[in-house]
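Okay, my_file.pdb now, which holds PDB, C-alpha atoms and all ligand atoms:
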MODEL        1
ATOM      1  CA  MET A1175      10.300  -5.437   9.339  1.00  0.00           C
ATOM      2  CA  SER A1176      12.301  -5.116   6.132  1.00  0.00           C
ATOM      3  CA  THR A1177      10.583  -5.234   2.793  1.00  0.00           C
ATOM      4  CA  LEU A1178      12.140  -4.333  -0.518  1.00  0.00           C
ATOM      5  CA  ILE A1179       9.787  -3.261  -3.280  1.00  0.00           C
ATOM      6  CA  LEU A1180      10.830  -2.716  -6.875  1.00  0.00           C
ATOM      7  CA  ASP A1181       8.454  -0.730  -9.037  1.00  0.00           C
ATOM      8  CA  GLY A1182       9.033  -0.782 -12.791  1.00  0.00           C
ATOM      9  CA  VAL A1183      12.799  -0.975 -12.397  1.00  0.00           C
ATOM     10  CA  SER A1184      14.950  -1.003 -15.533  1.00  0.00           C
ATOM     11  CA  TYR A1185      18.663  -0.665 -15.975  1.00  0.00           C
ATOM     12  CA  THR A1186      20.879  -0.111 -19.006  1.00  0.00           C
ATOM     13  CA  TYR A1187      24.665  -0.068 -18.580  1.00  0.00           C
ATOM     14  CA  LYS A1188      26.220   3.221 -19.727  1.00  0.00           C
ATOM     15  CA  ASN A1189      28.025   1.528 -22.603  1.00  0.00           C
ATOM     16  CA  GLY A1190      25.164  -0.924 -23.188  1.00  0.00           C
ATOM     17  CA  ASP A1191      22.462  -0.922 -25.829  1.00  0.00           C
ATOM     18  CA  ARG A1192      19.705  -2.885 -24.061  1.00  0.00           C
ATOM     19  CA  LYS A1193      17.836  -3.073 -20.800  1.00  0.00           C
ATOM     20  CA  VAL A1194      19.725  -5.663 -18.764  1.00  0.00           C
ATOM     21  CA  VAL A1195      16.971  -5.294 -16.134  1.00  0.00           C
ATOM     22  CA  ASN A1196      13.645  -4.741 -17.842  1.00  0.00           C
ATOM     23  CA  ASN A1197      10.621  -3.290 -16.043  1.00  0.00           C
ATOM     24  CA  VAL A1198      10.941  -5.390 -12.905  1.00  0.00           C
ATOM     25  CA  SER A1199       8.220  -5.036 -10.268  1.00  0.00           C
ATOM     26  CA  CYS A1200       8.354  -7.313  -7.239  1.00  0.00           C
ATOM     27  CA  LEU A1201       8.342  -7.529  -3.467  1.00  0.00           C
ATOM     28  CA  PHE A1202      10.915  -9.265  -1.289  1.00  0.00           C
ATOM     29  CA  GLY A1203       9.457  -9.605   2.168  1.00  0.00           C
ATOM     30  CA  SER A1204      10.964  -9.959   5.628  1.00  0.00           C
ATOM     31  CA  GLY A1205      10.926 -13.430   7.150  1.00  0.00           C
ATOM     32  CA  LYS A1206      11.422 -15.017   3.758  1.00  0.00           C
ATOM     33  CA  VAL A1207      14.174 -16.498   1.652  1.00  0.00           C
ATOM     34  CA  SER A1208      13.535 -15.498  -1.957  1.00  0.00           C
ATOM     35  CA  ALA A1209      15.535 -17.214  -4.675  1.00  0.00           C
ATOM     36  CA  VAL A1210      16.280 -15.637  -8.045  1.00  0.00           C
ATOM     37  CA  VAL A1211      17.202 -18.177 -10.709  1.00  0.00           C
ATOM     38  CA  GLY A1212      17.932 -17.765 -14.398  1.00  0.00           C
ATOM     39  CA  PRO A1213      20.528 -18.280 -17.103  1.00  0.00           C
ATOM     40  CA  SER A1214      23.934 -16.636 -17.142  1.00  0.00           C
ATOM     41  CA  GLY A1215      23.717 -13.052 -18.377  1.00  0.00           C
ATOM     42  CA  SER A1216      20.007 -12.706 -17.608  1.00  0.00           C
ATOM     43  CA  GLY A1217      20.639  -9.770 -15.220  1.00  0.00           C
ATOM     44  CA  LYS A1218      20.572 -11.352 -11.756  1.00  0.00           C
ATOM     45  CA  THR A1219      23.740  -9.747 -10.389  1.00  0.00           C
ATOM     46  CA  THR A1220      22.768  -6.401 -11.918  1.00  0.00           C
ATOM     47  CA  LEU A1221      19.401  -6.630 -10.154  1.00  0.00           C
ATOM     48  CA  LEU A1222      21.133  -7.317  -6.819  1.00  0.00           C
ATOM     49  CA  SER A1223      23.501  -4.384  -7.315  1.00  0.00           C
ATOM     50  CA  LEU A1224      20.504  -2.081  -7.835  1.00  0.00           C
ATOM     51  CA  MET A1225      18.891  -3.362  -4.629  1.00  0.00           C
ATOM     52  CA  ALA A1226      22.224  -2.926  -2.845  1.00  0.00           C
ATOM     53  CA  GLY A1227      22.344   0.726  -3.896  1.00  0.00           C
ATOM     54  CA  LEU A1228      25.556   0.203  -5.865  1.00  0.00           C
ATOM     55  CA  ASP A1229      23.866   1.420  -9.057  1.00  0.00           C
ATOM     56  CA  GLN A1230      20.721   3.466  -9.606  1.00  0.00           C
ATOM     57  CA  PRO A1231      17.901   2.276 -11.852  1.00  0.00           C
ATOM     58  CA  THR A1232      17.643   4.105 -15.181  1.00  0.00           C
ATOM     59  CA  GLU A1233      13.857   3.823 -14.783  1.00  0.00           C
ATOM     60  CA  GLY A1234      11.593   2.940 -11.877  1.00  0.00           C
ATOM     61  CA  ASP A1235      11.981   3.073  -8.104  1.00  0.00           C
ATOM     62  CA  ILE A1236      13.183   0.863  -5.261  1.00  0.00           C
ATOM     63  CA  TYR A1237      11.730   1.193  -1.763  1.00  0.00           C
ATOM     64  CA  LEU A1238      12.915  -0.190   1.557  1.00  0.00           C
ATOM     65  CA  ASP A1239      10.098  -0.182   4.090  1.00  0.00           C
ATOM     66  CA  GLY A1240       8.254   2.408   2.034  1.00  0.00           C
ATOM     67  CA  GLU A1241      11.180   4.793   1.711  1.00  0.00           C
ATOM     68  CA  GLU A1242      12.550   5.376  -1.760  1.00  0.00           C
ATOM     69  CA  LEU A1243      16.272   4.678  -2.087  1.00  0.00           C
ATOM     70  CA  THR A1244      17.038   7.851  -4.023  1.00  0.00           C
ATOM     71  CA  ASN A1245      15.694   9.864  -1.066  1.00  0.00           C
ATOM     72  CA  MET A1246      18.079   8.154   1.342  1.00  0.00           C
ATOM     73  CA  ASP A1247      21.726   8.719   2.080  1.00  0.00           C
ATOM     74  CA  LEU A1248      22.996   5.902  -0.149  1.00  0.00           C
ATOM     75  CA  ASP A1249      26.310   5.554   1.692  1.00  0.00           C
ATOM     76  CA  GLN A1250      24.412   5.001   4.917  1.00  0.00           C
ATOM     77  CA  TYR A1251      22.003   2.630   3.152  1.00  0.00           C
ATOM     78  CA  ARG A1252      24.922   0.500   1.945  1.00  0.00           C
ATOM     79  CA  ARG A1253      26.644   0.622   5.327  1.00  0.00           C
ATOM     80  CA  GLU A1254      23.669  -0.085   7.586  1.00  0.00           C
ATOM     81  CA  ARG A1255      20.585  -1.313   5.759  1.00  0.00           C
ATOM     82  CA  VAL A1256      21.710  -3.959   3.252  1.00  0.00           C
ATOM     83  CA  ALA A1257      24.557  -6.434   3.208  1.00  0.00           C
ATOM     84  CA  MET A1258      25.919  -8.562   0.415  1.00  0.00           C
ATOM     85  CA  VAL A1259      27.346 -12.077   0.439  1.00  0.00           C
ATOM     86  CA  PHE A1260      29.315 -13.222  -2.606  1.00  0.00           C
ATOM     87  CA  GLN A1261      30.292 -16.514  -4.227  1.00  0.00           C
ATOM     88  CA  ALA A1262      33.984 -15.736  -3.632  1.00  0.00           C
ATOM     89  CA  PHE A1263      33.378 -14.704   0.028  1.00  0.00           C
ATOM     90  CA  HIS A1264      35.287 -11.371  -0.332  1.00  0.00           C
ATOM     91  CA  LEU A1265      36.767 -11.452   3.158  1.00  0.00           C
ATOM     92  CA  PHE A1266      39.677  -9.101   3.874  1.00  0.00           C
ATOM     93  CA  PRO A1267      42.736 -11.390   3.574  1.00  0.00           C
ATOM     94  CA  LEU A1268      44.963  -9.358   5.918  1.00  0.00           C
ATOM     95  CA  LEU A1269      42.416  -9.175   8.734  1.00  0.00           C
ATOM     96  CA  THR A1270      41.724 -12.063  11.067  1.00  0.00           C
ATOM     97  CA  VAL A1271      38.328 -13.740  11.157  1.00  0.00           C
ATOM     98  CA  LEU A1272      37.348 -11.698  14.229  1.00  0.00           C
ATOM     99  CA  GLU A1273      38.632  -8.446  12.682  1.00  0.00           C
ATOM    100  CA  ASN A1274      36.662  -9.130   9.498  1.00  0.00           C
ATOM    101  CA  VAL A1275      33.434  -9.348  11.489  1.00  0.00           C
ATOM    102  CA  CYS A1276      34.339  -6.311  13.645  1.00  0.00           C
ATOM    103  CA  PHE A1277      35.010  -4.184  10.565  1.00  0.00           C
ATOM    104  CA  PRO A1278      31.419  -3.098   9.674  1.00  0.00           C
ATOM    105  CA  MET A1279      30.688  -2.341  13.332  1.00  0.00           C
ATOM    106  CA  GLU A1280      33.761  -0.151  13.723  1.00  0.00           C
ATOM    107  CA  LEU A1281      32.754   1.601  10.482  1.00  0.00           C
ATOM    108  CA  ASN A1282      29.412   2.310  12.147  1.00  0.00           C
ATOM    109  CA  GLY A1283      31.130   3.843  15.184  1.00  0.00           C
ATOM    110  CA  ILE A1284      30.817   0.943  17.648  1.00  0.00           C
ATOM    111  CA  SER A1285      33.690   0.711  20.149  1.00  0.00           C
ATOM    112  CA  LYS A1286      36.366  -1.957  19.621  1.00  0.00           C
ATOM    113  CA  THR A1287      35.399  -3.802  22.810  1.00  0.00           C
ATOM    114  CA  ASP A1288      31.698  -3.903  21.995  1.00  0.00           C
ATOM    115  CA  ALA A1289      32.442  -4.866  18.382  1.00  0.00           C
ATOM    116  CA  LYS A1290      34.614  -7.779  19.493  1.00  0.00           C
ATOM    117  CA  ALA A1291      31.995  -9.090  21.882  1.00  0.00           C
ATOM    118  CA  LYS A1292      29.274  -8.900  19.223  1.00  0.00           C
ATOM    119  CA  ALA A1293      31.587 -10.443  16.601  1.00  0.00           C
ATOM    120  CA  ARG A1294      32.264 -13.447  18.860  1.00  0.00           C
ATOM    121  CA  GLU A1295      28.540 -13.904  19.321  1.00  0.00           C
ATOM    122  CA  LEU A1296      27.865 -13.697  15.572  1.00  0.00           C
ATOM    123  CA  LEU A1297      30.679 -16.115  14.749  1.00  0.00           C
ATOM    124  CA  ALA A1298      29.345 -18.580  17.308  1.00  0.00           C
ATOM    125  CA  SER A1299      25.879 -18.269  15.741  1.00  0.00           C
ATOM    126  CA  VAL A1300      27.236 -19.450  12.376  1.00  0.00           C
ATOM    127  CA  GLY A1301      29.258 -22.237  13.994  1.00  0.00           C
ATOM    128  CA  ILE A1302      32.803 -20.823  13.849  1.00  0.00           C
ATOM    129  CA  GLU A1303      34.659 -22.058  16.923  1.00  0.00           C
ATOM    130  CA  THR A1304      36.600 -19.612  19.136  1.00  0.00           C
ATOM    131  CA  GLU A1305      40.014 -21.016  18.222  1.00  0.00           C
ATOM    132  CA  LYS A1306      39.415 -20.032  14.582  1.00  0.00           C
ATOM    133  CA  HIS A1307      38.650 -16.377  15.358  1.00  0.00           C
ATOM    134  CA  ARG A1308      42.347 -15.429  15.324  1.00  0.00           C
ATOM    135  CA  ARG A1309      43.088 -17.121  12.016  1.00  0.00           C
ATOM    136  CA  TYR A1310      43.323 -15.414   8.646  1.00  0.00           C
ATOM    137  CA  PRO A1311      40.595 -16.323   6.159  1.00  0.00           C
ATOM    138  CA  SER A1312      43.025 -18.283   3.973  1.00  0.00           C
ATOM    139  CA  ASN A1313      43.428 -20.743   6.839  1.00  0.00           C
ATOM    140  CA  LEU A1314      39.754 -21.673   6.840  1.00  0.00           C
ATOM    141  CA  SER A1315      37.819 -23.992   4.559  1.00  0.00           C
ATOM    142  CA  GLY A1316      35.532 -22.480   1.917  1.00  0.00           C
ATOM    143  CA  GLY A1317      32.445 -23.327   3.935  1.00  0.00           C
ATOM    144  CA  GLU A1318      33.922 -21.696   7.033  1.00  0.00           C
ATOM    145  CA  GLN A1319      34.895 -18.597   5.040  1.00  0.00           C
ATOM    146  CA  GLN A1320      31.359 -18.246   3.741  1.00  0.00           C
ATOM    147  CA  ARG A1321      29.963 -18.536   7.256  1.00  0.00           C
ATOM    148  CA  VAL A1322      32.366 -15.788   8.382  1.00  0.00           C
ATOM    149  CA  ALA A1323      31.146 -13.677   5.453  1.00  0.00           C
ATOM    150  CA  ILE A1324      27.560 -14.206   6.634  1.00  0.00           C
ATOM    151  CA  ALA A1325      28.529 -13.215  10.193  1.00  0.00           C
ATOM    152  CA  ARG A1326      30.156 -10.077   8.787  1.00  0.00           C
ATOM    153  CA  SER A1327      27.035  -9.256   6.770  1.00  0.00           C
ATOM    154  CA  LEU A1328      24.989  -9.453   9.989  1.00  0.00           C
ATOM    155  CA  ALA A1329      27.477  -7.268  11.869  1.00  0.00           C
ATOM    156  CA  SER A1330      26.376  -4.105  10.073  1.00  0.00           C
ATOM    157  CA  GLY A1331      22.877  -4.465  11.532  1.00  0.00           C
ATOM    158  CA  ALA A1332      21.427  -4.750   8.018  1.00  0.00           C
ATOM    159  CA  ARG A1333      18.094  -6.535   7.888  1.00  0.00           C
ATOM    160  CA  VAL A1334      18.328  -7.243   4.155  1.00  0.00           C
ATOM    161  CA  ILE A1335      20.882  -9.795   3.007  1.00  0.00           C
ATOM    162  CA  LEU A1336      21.561 -10.053  -0.716  1.00  0.00           C
ATOM    163  CA  ALA A1337      23.531 -13.166  -1.607  1.00  0.00           C
ATOM    164  CA  ASP A1338      24.980 -13.776  -5.077  1.00  0.00           C
ATOM    165  CA  GLU A1339      25.643 -17.500  -5.610  1.00  0.00           C
ATOM    166  CA  PRO A1340      26.617 -17.990  -1.935  1.00  0.00           C
ATOM    167  CA  THR A1341      27.105 -21.731  -2.374  1.00  0.00           C
ATOM    168  CA  GLY A1342      28.762 -21.535  -5.799  1.00  0.00           C
ATOM    169  CA  ASN A1343      32.215 -22.392  -4.437  1.00  0.00           C
ATOM    170  CA  LEU A1344      31.067 -24.907  -1.828  1.00  0.00           C
ATOM    171  CA  ASP A1345      30.548 -28.654  -1.766  1.00  0.00           C
ATOM    172  CA  LYS A1346      27.110 -30.065  -1.098  1.00  0.00           C
ATOM    173  CA  ALA A1347      27.409 -30.396   2.680  1.00  0.00           C
ATOM    174  CA  ASN A1348      28.798 -26.889   3.181  1.00  0.00           C
ATOM    175  CA  GLY A1349      26.257 -25.478   0.743  1.00  0.00           C
ATOM    176  CA  GLU A1350      23.457 -27.039   2.747  1.00  0.00           C
ATOM    177  CA  ARG A1351      24.814 -25.572   5.946  1.00  0.00           C
ATOM    178  CA  VAL A1352      24.860 -22.092   4.409  1.00  0.00           C
ATOM    179  CA  ILE A1353      21.279 -22.492   3.140  1.00  0.00           C
ATOM    180  CA  GLU A1354      20.200 -23.623   6.590  1.00  0.00           C
ATOM    181  CA  ILE A1355      21.763 -20.532   8.205  1.00  0.00           C
ATOM    182  CA  LEU A1356      20.013 -18.249   5.715  1.00  0.00           C
ATOM    183  CA  ARG A1357      16.690 -20.000   6.336  1.00  0.00           C
ATOM    184  CA  GLN A1358      17.055 -19.636  10.085  1.00  0.00           C
ATOM    185  CA  LEU A1359      17.881 -15.941   9.766  1.00  0.00           C
ATOM    186  CA  ALA A1360      14.745 -15.393   7.711  1.00  0.00           C
ATOM    187  CA  HIS A1361      12.372 -17.621   9.629  1.00  0.00           C
ATOM    188  CA  GLN A1362      13.551 -17.053  13.193  1.00  0.00           C
ATOM    189  CA  GLN A1363      14.885 -13.507  13.019  1.00  0.00           C
ATOM    190  CA  ARG A1364      12.736 -12.064  10.221  1.00  0.00           C
ATOM    191  CA  TYR A1365      15.568 -11.050   7.903  1.00  0.00           C
ATOM    192  CA  CYS A1366      14.716 -10.339   4.266  1.00  0.00           C
ATOM    193  CA  ILE A1367      16.970 -12.642   2.260  1.00  0.00           C
ATOM    194  CA  VAL A1368      17.388 -12.670  -1.505  1.00  0.00           C
ATOM    195  CA  VAL A1369      19.589 -15.381  -2.964  1.00  0.00           C
ATOM    196  CA  VAL A1370      20.710 -15.519  -6.578  1.00  0.00           C
ATOM    197  CA  THR A1371      21.470 -19.121  -7.372  1.00  0.00           C
ATOM    198  CA  HIS A1372      21.963 -21.789 -10.001  1.00  0.00           C
ATOM    199  CA  ASN A1373      21.526 -24.365  -7.264  1.00  0.00           C
ATOM    200  CA  LEU A1374      18.119 -26.013  -7.501  1.00  0.00           C
ATOM    201  CA  GLU A1375      18.339 -27.240  -3.916  1.00  0.00           C
ATOM    202  CA  ILE A1376      18.478 -23.656  -2.658  1.00  0.00           C
ATOM    203  CA  ALA A1377      15.564 -22.767  -4.899  1.00  0.00           C
ATOM    204  CA  GLU A1378      13.603 -25.705  -3.512  1.00  0.00           C
ATOM    205  CA  ARG A1379      14.330 -24.698   0.054  1.00  0.00           C
ATOM    206  CA  SER A1380      13.327 -21.069  -0.550  1.00  0.00           C
ATOM    207  CA  ASP A1381       9.967 -19.597   0.314  1.00  0.00           C
ATOM    208  CA  LYS A1382       9.568 -17.940  -3.061  1.00  0.00           C
ATOM    209  CA  VAL A1383      11.281 -18.460  -6.391  1.00  0.00           C
ATOM    210  CA  TRP A1384      11.632 -15.789  -9.055  1.00  0.00           C
ATOM    211  CA  SER A1385      13.057 -16.549 -12.447  1.00  0.00           C
ATOM    212  CA  MET A1386      14.913 -14.032 -14.527  1.00  0.00           C
ATOM    213  CA  SER A1387      15.150 -14.228 -18.270  1.00  0.00           C
ATOM    214  CA  ASP A1388      16.572 -11.471 -20.474  1.00  0.00           C
ATOM    215  CA  GLY A1389      16.095  -8.901 -17.722  1.00  0.00           C
ATOM    216  CA  VAL A1390      12.481  -9.833 -17.021  1.00  0.00           C
ATOM    217  CA  LEU A1391      11.623 -11.210 -13.573  1.00  0.00           C
ATOM    218  CA  VAL A1392       8.672 -13.566 -13.146  1.00  0.00           C
ATOM    219  CA  GLU A1393       7.470 -15.305  -9.988  1.00  0.00           C
ATOM    220  CA  GLN A1394       7.434 -19.066 -10.276  1.00  0.00           C
ATOM    221  CA  VAL A1395       4.175 -20.375  -8.951  1.00  0.00           C
ATOM    222  CA  THR A1396       5.313 -23.979  -8.642  1.00  0.00           C
ATOM    223  CA  GLN A1397       8.672 -24.903  -7.139  1.00  0.00           C
ATOM    224  CA  PRO A1398      11.174 -26.315  -9.638  1.00  0.00           C
ATOM    225  CA  VAL A1399      11.692 -30.086  -9.545  1.00  0.00           C
TER     226      VAL A1399
HETATM  227  N1  LIG B1401      29.741  -3.294 -16.351  1.00  0.00           N
HETATM  228  C1  LIG B1401      29.023  -3.749 -17.387  1.00  0.00           C
HETATM  229  N2  LIG B1401      28.916  -3.037 -18.536  1.00  0.00           N
HETATM  230  C2  LIG B1401      28.187  -3.474 -19.581  1.00  0.00           C
HETATM  231  N3  LIG B1401      27.465  -4.613 -19.570  1.00  0.00           N
HETATM  232  C3  LIG B1401      27.514  -5.360 -18.453  1.00  0.00           C
HETATM  233  C4  LIG B1401      28.289  -4.979 -17.301  1.00  0.00           C
HETATM  234  N4  LIG B1401      28.137  -5.923 -16.339  1.00  0.00           N
HETATM  235  C5  LIG B1401      27.316  -6.857 -16.860  1.00  0.00           C
HETATM  236  N5  LIG B1401      26.936  -6.530 -18.121  1.00  0.00           N
HETATM  237  C6  LIG B1401      26.044  -7.280 -19.004  1.00  0.00           C
HETATM  238  O1  LIG B1401      24.743  -7.303 -18.419  1.00  0.00           O
HETATM  239  C7  LIG B1401      24.113  -8.575 -18.618  1.00  0.00           C
HETATM  240  C8  LIG B1401      23.663  -9.149 -17.290  1.00  0.00           C
HETATM  241  O2  LIG B1401      24.806  -9.406 -16.481  1.00  0.00           O
HETATM  242  P1  LIG B1401      24.675  -9.987 -15.009  1.00  0.00           P
HETATM  243  O3  LIG B1401      26.045 -10.029 -14.462  1.00  0.00           O
HETATM  244  O4  LIG B1401      23.670  -9.191 -14.283  1.00  0.00           O
HETATM  245  O5  LIG B1401      24.118 -11.444 -15.322  1.00  0.00           O
HETATM  246  P2  LIG B1401      23.869 -12.676 -14.339  1.00  0.00           P
HETATM  247  O6  LIG B1401      22.464 -13.110 -14.542  1.00  0.00           O
HETATM  248  O7  LIG B1401      24.302 -12.326 -12.967  1.00  0.00           O
HETATM  249  O8  LIG B1401      24.832 -13.789 -14.955  1.00  0.00           O
HETATM  250  P3  LIG B1401      25.675 -14.978 -14.195  1.00  0.00           P
HETATM  251  O9  LIG B1401      24.674 -16.041 -13.860  1.00  0.00           O
HETATM  252  O10 LIG B1401      26.634 -15.413 -15.254  1.00  0.00           O
HETATM  253  O11 LIG B1401      26.351 -14.376 -13.009  1.00  0.00           O
HETATM  254  C9  LIG B1401      25.139  -9.432 -19.364  1.00  0.00           C
HETATM  255  O12 LIG B1401      24.825  -9.411 -20.734  1.00  0.00           O
HETATM  256  C10 LIG B1401      26.449  -8.735 -19.100  1.00  0.00           C
HETATM  257  O13 LIG B1401      27.334  -8.929 -20.170  1.00  0.00           O
HETATM  258 MG    MG B1402      25.830 -13.000 -11.726  1.00  0.00          MG
ENDMDL
END
Could I get this file's structure written as structure tokens?
Amino acid sequence: MSTLILDGVSYTYKNGDRKVVNNVSCLFGSGKVSAVVGPSGSGKTTLLSLMAGLDQPTEGDIYLDGEELTNMDLDQYRRERVAMVFQAFHLFPLLTVLENVCFPMELNGISKTDAKAKARELLASVGIETEKHRRYPSNLSGGEQQRVAIARSLASGARVILADEPTGNLDKANGERVIEILRQLAHQQRYCIVVVTHNLEIAERSDKVWSMSDGVLVEQVTQPV
């Protein structure tokens, strides 16, 4: 089980003069894809970075499975409990596909041999063929790079995946494939998945949709058309 709960969370940037995240209370449950939609500048990425433990709320608390983030070792939390997927993939350009996926496991002390075996399995699960494992990311298509990034996010063992515009750089077909992988991870393997998106198709294919406006997060009761 992996459930993230935000309780009255607000955030003001150090040099900022307003709450970019304003009194957000919500629950992101395991086994679900939750979409967060909203206009540019409404605070979506900031909200994800708080859930990822990259920044601490100026007010309020965040809990993972009942444990408050500020009581945890945040380095360990970021290494093992949550993983992020970005619009621009953020793969390491000088590591091969296989090495990219091995990286979080080696960071967590898993042996090279075990990491490689697990990485091959994860890459196969997102549809990256064996002959592409030795390539550098720049020699893959955007859709393939994003699938490698998803495999790498799973490699850390994190049960919470936070994705910021994961299909933003992809065409429709590749975007759909990425959504389908995220849905399967949630529905078949009980991951907790939060996806920030401008893409209405992702929102429609999510289990829950939240909309953010000026830092305020509201659950949408009806799915957007
Ligand atoms: N490091 C920073 N310092 C000060 N203000 C910031 C910083 N990063 C973001 N902001 C401001 O916080 C607000 C929310 O930004 P955020 O990146 O969370 O929006 P967003 O909803 O993700 O937008 P987009 O859809 O364009 O990615 C914006 O007004 C932005 O200018
Ligand atoms: Mg953003």
Exercise. Given a cut-off of 9 Å, what residues near ligand LIG 1401 (chain B) show up using all atoms listed in the file, put as a ChimeraX atom specification?
Worked result: /A:1186-1195,1211-1223,1338-1339,1370-1372,1386-1389
For this session: Using all atoms listed in the file, pick whichever of A:Pro1231, A:Gly1349, A:Pro1267, A:Gly1182 has the shortest atom-to-atom distance to A:Arg1379.
Result: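 Under the stated criterion, the closest residue is A:Gly1349.
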For this session: Check what the PyMOL selection byres (((chain A and resi 1260-1263) around 9) and not hetatm) selects in the file above and give those residues as a PyMOL selection string.
Result: chain A and resi 1258-1259+1264-1265+1316+1319-1324+1336-1344
For this session: Please write the residues picked by the PyMOL selection byres (((chain A and resi 1354-1360) around 9) and not hetatm) on this file as a list in words.
Result: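 What the PyMOL selection byres (((chain A and resi 1354-1360) around 9) and not hetatm) grabs from the file is Ser1204, Gly1205, Lys1206, Val1207, Ser1299, Val1300, Arg1321, Ile1324, Ile1335, Gly1349, Glu1350, Arg1351, Val1352, Ile1353, His1361, Gln1362, Gln1363, Arg1364, Tyr1365, Cys1366, Ile1367, Arg1379 and Ser1380 of chain A.
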Exercise. What gap, in Å, lies between atom CA of A:Arg1333 and atom CA of A:Leu1269?
Worked result: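 Separation of atom CA of A:Arg1333 and atom CA of A:Leu1269: 24.5 Å.
If you count all atoms listed in the file and ignore residues fewer than 3 places along the chain from A:Cys1276, what sits within 7 Å of it is Leu1272, Glu1273, Met1279, Glu1280, Ala1289, Lys1290 and Ala1293 of chain A.
Distances here use only C-alpha atoms; by that measure, the residue among A:Leu1328, A:Ala1257, A:Ile1302, A:Val1210 closest to A:Ile1376 is A:Val1210.
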